[in-house]
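Q: Take a look at the following structure, please.
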Amino acid sequence: MYFGNKEWQRRGKNPDYRFSLANERTFLAWIRTALAFLAGSIAIDQLTPDFALPAIRVMLAILLAIGGGAMALVALRRWAENEQAMRLEAPLPYTRLLPAVAFFLVLIALLFILFIVLY
């Protein structure tokens with residue numbers, strides 16, 4: 001859908017370039033957050049050997065890496081859906097991911113607090 005046949009890019013009319021660039025900036029913000037999750041994952045795994053038990057560190061690192069990868073894929077999907085909606089002059093699609101990301105971050109924060117208190 002995103003890399004192969006770009007037939008959807010020929011439908012409708014080209015949106016105002018300012019809106020396309022704003023959509024791209026939003027995509028890049030999501031990618032920046034995904035990279036931060038991945039960097040946190042690597043930092044926990046490689047730079048904090050005394051933080052907690054190895055199994056706990058690995059679990060946190062894997063959780064952050066999965067979150068970062070998922071966020072990158074969702075960013076691509078969101079960018080394409082927004083671009084299609086702008087081309088067809090349709091309402092921008094709503095995402096349920098924003099509360100999910102907030103919940104994920106709260107969960108990670110609570111796990112960190114728990115492990116800091118216990119160790």
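Following the order of the structure tokens, first chain is A, next is B, and so on, with residues numbered from 1 inside each chain and ligands from 1 in the order they appear.
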From a DSSP calculation on the backbone, collect every residue of chain A in helix (DSSP H, G or I) and output the set as a compact mmCIF listing (two decimals) with C-alpha atoms, in the first residue's frame.
A:
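This is the output file out30.txt:
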```txt
# COMPACT_ATOMS: atom_id res chain seq x y z
CA GLU A 7 -2.65 4.66 -7.03
CA TRP A 8 -4.13 6.45 -4.02
CA GLN A 9 -1.71 9.32 -4.65
CA ARG A 10 -3.35 9.93 -8.02
CA TYR A 17 1.42 21.88 0.35
CA ARG A 18 1.25 23.42 3.84
CA PHE A 19 -1.09 20.65 4.97
CA SER A 20 1.06 17.96 3.36
CA LEU A 21 4.12 19.36 5.12
CA ALA A 22 2.24 19.52 8.42
CA ASN A 23 1.25 15.87 7.93
CA GLU A 24 4.91 15.04 7.27
CA ARG A 25 6.01 16.89 10.42
CA THR A 26 3.47 14.90 12.43
CA PHE A 27 4.84 11.69 10.90
CA LEU A 28 8.37 12.73 11.85
CA ALA A 29 7.26 13.48 15.42
CA TRP A 30 5.85 9.95 15.71
CA ILE A 31 9.09 8.54 14.26
CA ARG A 32 11.12 10.60 16.74
CA THR A 33 9.08 9.09 19.58
CA ALA A 34 9.59 5.59 18.15
CA LEU A 35 13.35 6.24 18.01
CA ALA A 36 13.29 7.42 21.63
CA PHE A 37 11.59 4.16 22.64
CA LEU A 38 14.26 2.19 20.76
CA ALA A 39 17.08 4.24 22.29
CA GLY A 40 15.60 3.66 25.74
CA SER A 41 15.40 -0.04 24.99
CA ILE A 42 19.08 -0.19 24.04
CA ALA A 43 20.11 1.96 27.01
CA ILE A 44 18.28 -0.27 29.48
CA ASP A 45 19.72 -3.42 27.98
CA GLN A 46 23.30 -2.27 27.49
CA LEU A 47 24.04 0.57 29.90
CA PRO A 54 18.64 -9.39 34.00
CA ALA A 55 15.22 -10.86 33.19
CA ILE A 56 13.49 -7.64 34.27
CA ARG A 57 15.90 -5.50 32.23
CA VAL A 58 15.37 -7.66 29.17
CA MET A 59 11.59 -7.54 29.63
CA LEU A 60 11.62 -3.73 29.82
CA ALA A 61 13.97 -3.46 26.85
CA ILE A 62 11.82 -5.78 24.74
CA LEU A 63 8.65 -3.93 25.74
CA LEU A 64 10.14 -0.59 24.70
CA ALA A 65 11.51 -2.04 21.44
CA ILE A 66 8.11 -3.51 20.54
CA GLY A 67 6.48 -0.16 21.37
CA GLY A 68 8.98 1.69 19.18
CA GLY A 69 8.52 -0.66 16.23
CA ALA A 70 4.74 -0.54 16.50
CA MET A 71 4.79 3.25 16.72
CA ALA A 72 6.88 3.49 13.53
CA LEU A 73 4.41 1.31 11.62
CA VAL A 74 1.44 3.25 12.95
CA ALA A 75 3.13 6.53 11.98
CA LEU A 76 3.41 5.35 8.38
CA ARG A 77 -0.23 4.22 8.30
CA ARG A 78 -1.42 7.48 9.88
CA TRP A 79 0.55 9.58 7.41
CA ALA A 80 -0.93 7.71 4.43
CA GLU A 81 -4.49 7.82 5.79
CA ASN A 82 -4.25 11.56 6.47
CA GLU A 83 -2.78 12.19 3.03
CA GLN A 84 -5.60 10.22 1.37
CA ALA A 85 -8.24 12.08 3.36
CA MET A 86 -6.75 15.44 2.37
CA ARG A 87 -6.66 14.42 -1.30
CA LEU A 97 -3.66 5.13 19.35
CA LEU A 98 -3.15 8.32 21.33
CA PRO A 99 -4.77 6.95 24.52
CA ALA A 100 -2.96 3.64 23.92
CA VAL A 101 0.43 5.39 23.74
CA ALA A 102 -0.35 7.35 26.90
CA PHE A 103 -1.38 4.13 28.69
CA PHE A 104 1.79 2.39 27.45
CA LEU A 105 3.97 5.20 28.79
CA VAL A 106 2.17 5.18 32.15
CA LEU A 107 2.67 1.41 32.33
CA ILE A 108 6.40 1.73 31.59
CA ALA A 109 6.73 4.55 34.15
CA LEU A 110 4.98 2.48 36.83
CA LEU A 111 7.24 -0.48 36.08
CA PHE A 112 10.31 1.75 36.40
CA ILE A 113 9.07 3.19 39.69
CA LEU A 114 8.37 -0.29 40.99
CA PHE A 115 11.82 -1.58 40.05
CA ILE A 116 13.58 1.50 41.44
CA VAL A 117 11.77 1.13 44.76
CA LEU A 118 12.40 -2.62 44.97
```
Q: So how far away is atom CA of Pro91 of chain A from atom CA of Asp16 of chain A, in Å?
A: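 Between these atoms lies a distance of 15.0 Å.
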Q: Enter the distance from atom CA of Lys13 of chain A to atom CA of Leu92 of chain A, in Å, rounded to one decimal.
A: 15.3 Å
